[in-house]
Number of protein chains: 2
Amino acid sequence: MEDGALRARRDLPRPEPAPGEARVRVILAGICGTDLELLRGYYPFAGVPGHEFVGVVEEAPGHEAWRGRRVVGEINAACGACDDCAAGRRAHCARRTVLGIRGRAGAFAEALALPVANLHEVPAALTDEQAVFTEPLAAAFRVPEQVDVARRRVAVVGAGRLGLLLAQVLAGARCELVVAARHPDARRRLGELGIAGVAPTALPARWADVAVDCTGTPEGFALARACLRPRGTLVLKSTYAGEAPMNLSPVVVDEIVVTGSRCGPFAPALEALAAGRVAVGDLVEAVYPLARAPAAFEHAARPGVLKVLVAPAAS
Amino acid sequence: MEDGALRARRDLPRPEPAPGEARVRVILAGICGTDLELLRGYYPFAGVPGHEFVGVVEEAPGHEAWRGRRVVGEINAACGACDDCAAGRRAHCARRTVLGIRGRAGAFAEALALPVANLHEVPAALTDEQAVFTEPLAAAFRVPEQVDVARRRVAVVGAGRLGLLLAQVLAGARCELVVAARHPDARRRLGELGIAGVAPTALPARWADVAVDCTGTPEGFALARACLRPRGTLVLKSTYAGEAPMNLSPVVVDEIVVTGSRCGPFAPALEALAAGRVAVGDLVEAVYPLARAPAAFEHAARPGVLKVLVAPAAS
């Protein structure tokens, strides 16, 4: 897999922060499913990927107080001037750049640049290995922000990188939770967290008020849909790779509400990590130096692998 | 097309009303897209199809006051005892029968049986040709029941049988409405109704707060999705024939809410017809006697054809 897309680049210029931006030295960066899809060509992005990170502010012209602080960062940098921004949908600004995804070099590098407004200081009690989970954990916290889950029956399909974070978020949200996981290891892991894990075939039909597909596959979509009661809510928490054959008629007949779900709020994610309400230590499979990023991606792409981290500082 | 599925049947027994049911002599029955899909085998139903009708109550044991009344009828007959019924989702009862669709002989016959509770008397001012549109018009009224459209930008994709009814419903709902119609004839018809009709390619991107796909095709889905702003609502008002290649990633990235929409309330439909707020006379393409039902279905299946009616009384 040492092809062009995966060749480790040591020749990149350090990003120059634009006005209002900070340059952040990356301590750790996490590989997520979107990164793997980027490399497979599902998005038209040819730059440096990586959007999950923890780092230290090296420079923040005009915002000197940020220098030296350990931070995580929201990944959407909005224009602030369009209709979407004015309507409070900054994460959906059509002119936005997105760290490591769209028009902005990402975190698999020694340094990155982000608007100061996107940064969140990391509480001292958190390790770097915990803090690097803030971005995907924030995405998980987006679900209860969109859908009221309290006292409702909730099913999560998939117990990989994202599913395990979401399961823990929902376990703290006073709902009746079941997680469908294909691998016995994942079900064991859920059991250790006090969460009911079942094989996908054991997911009860027409049971859930809310079901979340964390797999991004047509099979996961179909499973999540089938376990919903009529007029239930199906949350899509993962992007789907290209076009896939789908049957949407059951969505119509059962009047299902399908809700796309993307980036979420950083504050509750940092709080949950600091309070120990979400355990992430077990999710780290390996840490690679930046020079070995290709091997890290290869590792992350193996089935059933949880979080693989890249540590530029260790290069 | 004189195959088994389409052979006109004159040998069917007249349905016997169960307790609480009425037998209704069918005056007119309308052919809709679901009927055409049933014949193509997309649903496992081998009985008499037809769920849009106007008729006269012949018999209603224990409910004699209904005898001789002209009626239309809601098509879902619920068990009344299950969790869905208890939760107020009678139209989604797993044990329901559905007129002409599931476990209950339908309206392309001299008579049908339905629970008395499903019947609505037709105001005297309405013609039979108007009243037979009550069921599909009720389905259109389901949209503003599910989604708040007032003062919002709404796009309808498709101006066929269902799209033209929905467009008229929405035109009365104080929203900013645009309807995408492929055929110039349909756009002219919209213009005569005072509704803005545009070619599908002229539908503005990222414009609508709410978009409704009335086509039941992947192309219609994609068009409706593309004209939505981020976090907009995409209503699926038509079933999709089997599996089709779909790309759901934009739904995730733009956090679109997709809402399946099926049967709707009869009362506002009858009111709108009686008040002349929805014009349906122009939608009738032809009326066939029951003996010529195969020819009626063939006619209804032609592209661009609006409503074809079957008149059992005229047989």
# chains A, B, ... in the order shown; residues from 1 in each chain; ligands from 1
$ closest_atom_pairs --of "chain B" --to "chain A" --cutoff "6 Å" --atoms "only C-alpha atoms" --output "JSON lines"
{"residue": "B:Thr239", "atom": "CA", "partner": "A:Ser249", "partner_atom": "CA", "distance": 4.8}
{"residue": "B:Tyr240", "atom": "CA", "partner": "A:Ser249", "partner_atom": "CA", "distance": 5.1}
{"residue": "B:Gly242", "atom": "CA", "partner": "A:Asn247", "partner_atom": "CA", "distance": 5.9}
{"residue": "B:Glu243", "atom": "CA", "partner": "A:Asn247", "partner_atom": "CA", "distance": 4.4}
{"residue": "B:Ala244", "atom": "CA", "partner": "A:Pro245", "partner_atom": "CA", "distance": 4.9}
{"residue": "B:Pro245", "atom": "CA", "partner": "A:Pro245", "partner_atom": "CA", "distance": 4.1}
{"residue": "B:Met246", "atom": "CA", "partner": "A:Glu243", "partner_atom": "CA", "distance": 5.1}
{"residue": "B:Asn247", "atom": "CA", "partner": "A:Glu243", "partner_atom": "CA", "distance": 4.4}
{"residue": "B:Ser249", "atom": "CA", "partner": "A:Thr239", "partner_atom": "CA", "distance": 4.8}
{"residue": "B:Val251", "atom": "CA", "partner": "A:Gly260", "partner_atom": "CA", "distance": 5.3}
{"residue": "B:Val252", "atom": "CA", "partner": "A:Gly260", "partner_atom": "CA", "distance": 3.9}
{"residue": "B:Glu255", "atom": "CA", "partner": "A:Gly260", "partner_atom": "CA", "distance": 4.1}
{"residue": "B:Ile256", "atom": "CA", "partner": "A:Gly260", "partner_atom": "CA", "distance": 5.4}
{"residue": "B:Val257", "atom": "CA", "partner": "A:Thr259", "partner_atom": "CA", "distance": 4.5}
{"residue": "B:Val258", "atom": "CA", "partner": "A:Val258", "partner_atom": "CA", "distance": 4.7}
{"residue": "B:Thr259", "atom": "CA", "partner": "A:Val257", "partner_atom": "CA", "distance": 4.5}
{"residue": "B:Gly260", "atom": "CA", "partner": "A:Val252", "partner_atom": "CA", "distance": 3.9}
{"residue": "B:Ser261", "atom": "CA", "partner": "A:Glu255", "partner_atom": "CA", "distance": 5.2}
$ write_last_selection --atoms "N, CA and C atoms" --output "PDB file, in the first residue's frame"
ATOM      1  N   THR B 239     -43.913   5.531  -2.707  1.00  0.00           N
ATOM      2  CA  THR B 239     -43.038   4.382  -2.482  1.00  0.00           C
ATOM      3  C   THR B 239     -42.098   4.217  -3.666  1.00  0.00           C
ATOM      4  N   TYR B 240     -40.987   3.498  -3.421  1.00  0.00           N
ATOM      5  CA  TYR B 240     -39.963   3.270  -4.436  1.00  0.00           C
ATOM      6  C   TYR B 240     -40.062   1.824  -4.894  1.00  0.00           C
ATOM      7  N   GLY B 242     -38.881  -1.414  -5.528  1.00  0.00           N
ATOM      8  CA  GLY B 242     -37.738  -2.287  -5.284  1.00  0.00           C
ATOM      9  C   GLY B 242     -36.515  -1.533  -4.822  1.00  0.00           C
ATOM     10  N   GLU B 243     -35.344  -2.168  -5.018  1.00  0.00           N
ATOM     11  CA  GLU B 243     -34.095  -1.541  -4.606  1.00  0.00           C
ATOM     12  C   GLU B 243     -33.540  -0.704  -5.746  1.00  0.00           C
ATOM     13  N   ALA B 244     -32.961   0.426  -5.392  1.00  0.00           N
ATOM     14  CA  ALA B 244     -32.357   1.276  -6.402  1.00  0.00           C
ATOM     15  C   ALA B 244     -31.077   1.853  -5.819  1.00  0.00           C
ATOM     16  N   PRO B 245     -30.098   2.131  -6.682  1.00  0.00           N
ATOM     17  CA  PRO B 245     -28.853   2.694  -6.161  1.00  0.00           C
ATOM     18  C   PRO B 245     -29.065   4.102  -5.619  1.00  0.00           C
ATOM     19  N   MET B 246     -28.683   4.287  -4.381  1.00  0.00           N
ATOM     20  CA  MET B 246     -28.891   5.569  -3.701  1.00  0.00           C
ATOM     21  C   MET B 246     -27.586   5.971  -3.038  1.00  0.00           C
ATOM     22  N   ASN B 247     -27.331   7.247  -2.997  1.00  0.00           N
ATOM     23  CA  ASN B 247     -26.193   7.753  -2.247  1.00  0.00           C
ATOM     24  C   ASN B 247     -26.721   8.539  -1.059  1.00  0.00           C
ATOM     25  N   SER B 249     -24.882   9.558   1.529  1.00  0.00           N
ATOM     26  CA  SER B 249     -23.884  10.388   2.205  1.00  0.00           C
ATOM     27  C   SER B 249     -24.272  11.862   2.278  1.00  0.00           C
ATOM     28  N   VAL B 251     -27.116  13.055   2.698  1.00  0.00           N
ATOM     29  CA  VAL B 251     -28.087  13.157   3.789  1.00  0.00           C
ATOM     30  C   VAL B 251     -27.358  13.294   5.126  1.00  0.00           C
ATOM     31  N   VAL B 252     -26.256  12.556   5.251  1.00  0.00           N
ATOM     32  CA  VAL B 252     -25.465  12.610   6.488  1.00  0.00           C
ATOM     33  C   VAL B 252     -24.723  13.945   6.568  1.00  0.00           C
ATOM     34  N   GLU B 255     -26.936  16.763   7.067  1.00  0.00           N
ATOM     35  CA  GLU B 255     -27.869  16.509   8.184  1.00  0.00           C
ATOM     36  C   GLU B 255     -29.321  16.730   7.761  1.00  0.00           C
ATOM     37  N   ILE B 256     -29.668  16.159   6.614  1.00  0.00           N
ATOM     38  CA  ILE B 256     -31.044  16.222   6.113  1.00  0.00           C
ATOM     39  C   ILE B 256     -31.933  15.316   6.978  1.00  0.00           C
ATOM     40  N   VAL B 257     -33.175  15.740   7.177  1.00  0.00           N
ATOM     41  CA  VAL B 257     -34.175  14.895   7.826  1.00  0.00           C
ATOM     42  C   VAL B 257     -35.098  14.357   6.737  1.00  0.00           C
ATOM     43  N   VAL B 258     -35.095  13.037   6.566  1.00  0.00           N
ATOM     44  CA  VAL B 258     -35.928  12.391   5.553  1.00  0.00           C
ATOM     45  C   VAL B 258     -37.152  11.806   6.246  1.00  0.00           C
ATOM     46  N   THR B 259     -38.332  12.178   5.780  1.00  0.00           N
ATOM     47  CA  THR B 259     -39.557  11.738   6.450  1.00  0.00           C
ATOM     48  C   THR B 259     -40.442  10.964   5.496  1.00  0.00           C
ATOM     49  N   GLY B 260     -40.679   9.701   5.814  1.00  0.00           N
ATOM     50  CA  GLY B 260     -41.643   8.927   5.035  1.00  0.00           C
ATOM     51  C   GLY B 260     -43.053   9.413   5.328  1.00  0.00           C
ATOM     52  N   SER B 261     -43.896   9.431   4.300  1.00  0.00           N
ATOM     53  CA  SER B 261     -45.236   9.992   4.446  1.00  0.00           C
ATOM     54  C   SER B 261     -46.233   9.107   3.714  1.00  0.00           C
TER      55      SER B 261
END
$ residues_around --residues "range 59-75 of chain A" --least-positions-apart "2" --cutoff "7 Å" --atoms "only C-alpha atoms" --output "tab-separated table (two decimals) with N, CA and C atoms, in the first residue's frame"
chain	number	residue	atom	x	y	z
A	21	GLU	N	-6.53	32.92	13.10
A	21	GLU	CA	-6.22	31.50	13.23
A	21	GLU	C	-5.01	31.26	14.13
A	22	ALA	N	-4.91	30.02	14.58
A	22	ALA	CA	-3.75	29.60	15.36
A	22	ALA	C	-3.04	28.47	14.62
A	23	ARG	N	-1.70	28.39	14.84
A	23	ARG	CA	-1.00	27.20	14.36
A	23	ARG	C	-0.83	26.26	15.55
A	51	HIS	N	-8.53	14.84	10.98
A	51	HIS	CA	-9.35	15.88	11.60
A	51	HIS	C	-9.58	15.61	13.09
A	53	PHE	N	-7.60	15.42	16.53
A	53	PHE	CA	-6.25	15.71	17.01
A	53	PHE	C	-6.29	16.30	18.41
A	54	VAL	N	-5.14	16.20	19.06
A	54	VAL	CA	-4.85	17.03	20.22
A	54	VAL	C	-3.48	17.63	19.96
A	55	GLY	N	-3.32	18.90	20.33
A	55	GLY	CA	-2.04	19.55	20.05
A	55	GLY	C	-1.79	20.72	20.98
A	56	VAL	N	-0.72	21.44	20.69
A	56	VAL	CA	-0.37	22.60	21.51
A	56	VAL	C	-0.27	23.81	20.59
A	57	VAL	N	-0.87	24.92	21.01
A	57	VAL	CA	-0.84	26.13	20.18
A	57	VAL	C	0.58	26.68	20.15
A	77	ALA	N	-14.53	25.38	9.47
A	77	ALA	CA	-14.20	26.80	9.52
A	77	ALA	C	-15.12	27.53	8.55
A	98	VAL	N	-12.90	22.44	5.84
A	98	VAL	CA	-13.02	21.42	6.88
A	98	VAL	C	-11.65	20.77	7.05
A	99	LEU	N	-11.18	20.79	8.28
A	99	LEU	CA	-9.84	20.29	8.58
A	99	LEU	C	-9.62	18.88	8.02
A	118	ASN	N	-12.33	27.99	16.89
A	118	ASN	CA	-12.62	26.57	16.85
A	118	ASN	C	-11.97	25.78	17.98
A	119	LEU	N	-11.05	26.44	18.72
A	119	LEU	CA	-10.23	25.69	19.69
A	119	LEU	C	-10.93	25.54	21.03
A	120	HIS	N	-10.67	24.44	21.69
A	120	HIS	CA	-11.13	24.19	23.06
A	120	HIS	C	-9.91	23.73	23.85
A	121	GLU	N	-9.68	24.39	24.99
A	121	GLU	CA	-8.56	23.95	25.83
A	121	GLU	C	-8.90	22.61	26.47
A	122	VAL	N	-7.89	21.75	26.57
A	122	VAL	CA	-8.09	20.42	27.14
A	122	VAL	C	-7.84	20.49	28.65
$ atom_distance --atom1 "CA of Pro15 in chain B" --atom2 "CA of Val284 in chain B"
28.0 Å
$ atom_distance --atom1 "CA of Cys79 in chain B" --atom2 "CA of Gly100 in chain B"
17.1 Å
$ residues_around --residues "Thr201 in chain B" --least-positions-apart "4" --cutoff "10 Å" --atoms "only C-alpha atoms" --output "PDB file with N, CA and C atoms, in the first residue's frame"
ATOM      1  N   ALA B 180     -41.303  21.131  -9.460  1.00  0.00           N
ATOM      2  CA  ALA B 180     -40.506  20.700 -10.609  1.00  0.00           C
ATOM      3  C   ALA B 180     -41.299  19.681 -11.411  1.00  0.00           C
ATOM      4  N   ALA B 181     -41.514  19.989 -12.695  1.00  0.00           N
ATOM      5  CA  ALA B 181     -42.285  19.103 -13.568  1.00  0.00           C
ATOM      6  C   ALA B 181     -41.538  18.934 -14.879  1.00  0.00           C
ATOM      7  N   ARG B 182     -41.384  17.682 -15.301  1.00  0.00           N
ATOM      8  CA  ARG B 182     -40.632  17.405 -16.513  1.00  0.00           C
ATOM      9  C   ARG B 182     -41.405  17.848 -17.757  1.00  0.00           C
ATOM     10  N   ALA B 205     -30.575  25.096  -6.338  1.00  0.00           N
ATOM     11  CA  ALA B 205     -29.842  24.244  -5.385  1.00  0.00           C
ATOM     12  C   ALA B 205     -29.821  24.895  -4.008  1.00  0.00           C
ATOM     13  N   LEU B 223     -32.996  14.788  -6.909  1.00  0.00           N
ATOM     14  CA  LEU B 223     -33.389  16.175  -7.209  1.00  0.00           C
ATOM     15  C   LEU B 223     -33.906  16.882  -5.961  1.00  0.00           C
TER      16      LEU B 223
END
$ residues_around --residues "Leu36 in chain B" --least-positions-apart "5" --cutoff "8 Å" --atoms "only C-alpha atoms" --output "list in words"
Ile31, Phe297 and Ala301 of chain B
$ closest_residue --among "A:Ala86, A:Leu39, A:Ala159, A:Ala109" --to "Ala311 in chain A" --atoms "only C-alpha atoms"
A:Ala109
$ atom_distance --atom1 "CA of Leu114 in chain A" --atom2 "CA of Lys307 in chain A"
23.4 Å
$ select_by_dssp --residues "range 92-243 of chain A" --states "strand (DSSP E)" --output "PyMOL selection string"
chain A and resi 97-99+103-104+111-115+119-121+153-157+176-180+197-198+208-213+228-236
$ residues_around --residues "Pro200 in chain A" --least-positions-apart "4" --cutoff "12 Å" --atoms "only C-alpha atoms" --output "mmCIF file with N, CA and C atoms, in the first residue's frame"
data_model
loop_
_atom_site.group_PDB
_atom_site.id
_atom_site.type_symbol
_atom_site.label_atom_id
_atom_site.label_comp_id
_atom_site.auth_asym_id
_atom_site.auth_seq_id
_atom_site.Cartn_x
_atom_site.Cartn_y
_atom_site.Cartn_z
ATOM 1 N N ALA A 155 -31.644 1.594 19.723
ATOM 2 C CA ALA A 155 -30.759 0.556 19.195
ATOM 3 C C ALA A 155 -29.605 1.217 18.453
ATOM 4 N N VAL A 156 -28.396 0.717 18.684
ATOM 5 C CA VAL A 156 -27.222 1.163 17.939
ATOM 6 C C VAL A 156 -26.752 -0.019 17.102
ATOM 7 N N VAL A 157 -26.555 0.193 15.808
ATOM 8 C CA VAL A 157 -26.057 -0.870 14.944
ATOM 9 C C VAL A 157 -24.595 -0.594 14.644
ATOM 10 N N GLY A 158 -23.740 -1.492 15.119
ATOM 11 C CA GLY A 158 -22.309 -1.334 14.911
ATOM 12 C C GLY A 158 -21.604 -0.947 16.201
ATOM 13 N N ALA A 159 -20.548 -1.674 16.540
ATOM 14 C CA ALA A 159 -19.800 -1.376 17.765
ATOM 15 C C ALA A 159 -18.326 -1.233 17.435
ATOM 16 N N VAL A 178 -29.839 -1.037 23.368
ATOM 17 C CA VAL A 178 -29.306 -2.306 22.862
ATOM 18 C C VAL A 178 -28.355 -1.980 21.721
ATOM 19 N N VAL A 179 -27.194 -2.644 21.707
ATOM 20 C CA VAL A 179 -26.208 -2.417 20.652
ATOM 21 C C VAL A 179 -25.993 -3.712 19.885
ATOM 22 N N ALA A 180 -26.153 -3.651 18.559
ATOM 23 C CA ALA A 180 -25.911 -4.822 17.720
ATOM 24 C C ALA A 180 -24.457 -4.824 17.278
ATOM 25 N N ALA A 181 -23.745 -5.898 17.604
ATOM 26 C CA ALA A 181 -22.326 -6.012 17.256
ATOM 27 C C ALA A 181 -22.079 -7.385 16.661
ATOM 28 N N ARG A 182 -21.411 -7.412 15.510
ATOM 29 C CA ARG A 182 -21.167 -8.676 14.822
ATOM 30 C C ARG A 182 -20.135 -9.520 15.562
ATOM 31 N N HIS A 183 -19.073 -8.891 16.053
ATOM 32 C CA HIS A 183 -17.965 -9.647 16.647
ATOM 33 C C HIS A 183 -18.205 -9.925 18.128
ATOM 34 N N PRO A 184 -18.005 -11.184 18.552
ATOM 35 C CA PRO A 184 -18.143 -11.512 19.983
ATOM 36 C C PRO A 184 -17.246 -10.628 20.854
ATOM 37 N N ALA A 186 -16.541 -7.534 20.443
ATOM 38 C CA ALA A 186 -17.216 -6.248 20.646
ATOM 39 C C ALA A 186 -18.335 -6.403 21.663
ATOM 40 N N ARG A 187 -19.043 -7.527 21.619
ATOM 41 C CA ARG A 187 -20.126 -7.737 22.588
ATOM 42 C C ARG A 187 -19.563 -7.893 24.001
ATOM 43 N N PRO A 204 -34.259 -7.083 18.152
ATOM 44 C CA PRO A 204 -35.709 -7.301 18.024
ATOM 45 C C PRO A 204 -36.324 -6.420 16.935
ATOM 46 N N ALA A 205 -37.267 -6.989 16.191
ATOM 47 C CA ALA A 205 -37.943 -6.237 15.112
ATOM 48 C C ALA A 205 -38.984 -5.301 15.701
ATOM 49 N N ASP A 213 -27.551 3.930 12.826
ATOM 50 C CA ASP A 213 -26.611 3.131 12.046
ATOM 51 C C ASP A 213 -25.231 3.756 12.122
ATOM 52 N N THR A 215 -22.602 1.968 10.961
ATOM 53 C CA THR A 215 -21.763 1.157 10.072
ATOM 54 C C THR A 215 -21.515 1.830 8.730
ATOM 55 N N GLU A 219 -26.281 -2.836 4.709
ATOM 56 C CA GLU A 219 -26.744 -3.857 5.661
ATOM 57 C C GLU A 219 -27.065 -3.213 7.006
ATOM 58 N N GLY A 220 -26.203 -2.300 7.450
ATOM 59 C CA GLY A 220 -26.453 -1.613 8.718
ATOM 60 C C GLY A 220 -27.698 -0.760 8.647
ATOM 61 N N PHE A 221 -27.887 -0.091 7.510
ATOM 62 C CA PHE A 221 -29.096 0.715 7.301
ATOM 63 C C PHE A 221 -30.337 -0.168 7.408
ATOM 64 N N ALA A 222 -30.307 -1.310 6.728
ATOM 65 C CA ALA A 222 -31.473 -2.203 6.701
ATOM 66 C C ALA A 222 -31.754 -2.769 8.093
ATOM 67 N N LEU A 223 -30.693 -3.128 8.824
ATOM 68 C CA LEU A 223 -30.857 -3.647 10.188
ATOM 69 C C LEU A 223 -31.473 -2.598 11.104
ATOM 70 N N ALA A 224 -30.942 -1.394 11.044
ATOM 71 C CA ALA A 224 -31.437 -0.321 11.907
ATOM 72 C C ALA A 224 -32.895 -0.025 11.581
ATOM 73 N N ALA A 226 -35.101 -2.085 10.271
ATOM 74 C CA ALA A 226 -35.992 -3.202 10.619
ATOM 75 C C ALA A 226 -36.272 -3.277 12.118
ATOM 76 N N CYS A 227 -35.380 -2.765 12.947
ATOM 77 C CA CYS A 227 -35.620 -2.863 14.387
ATOM 78 C C CYS A 227 -36.470 -1.694 14.889
#
$ closest_residue --among "A:Ala291, A:Ala150, A:Ala138, A:Val305" --to "Glu271 in chain A" --atoms "only C-alpha atoms"
A:Ala138
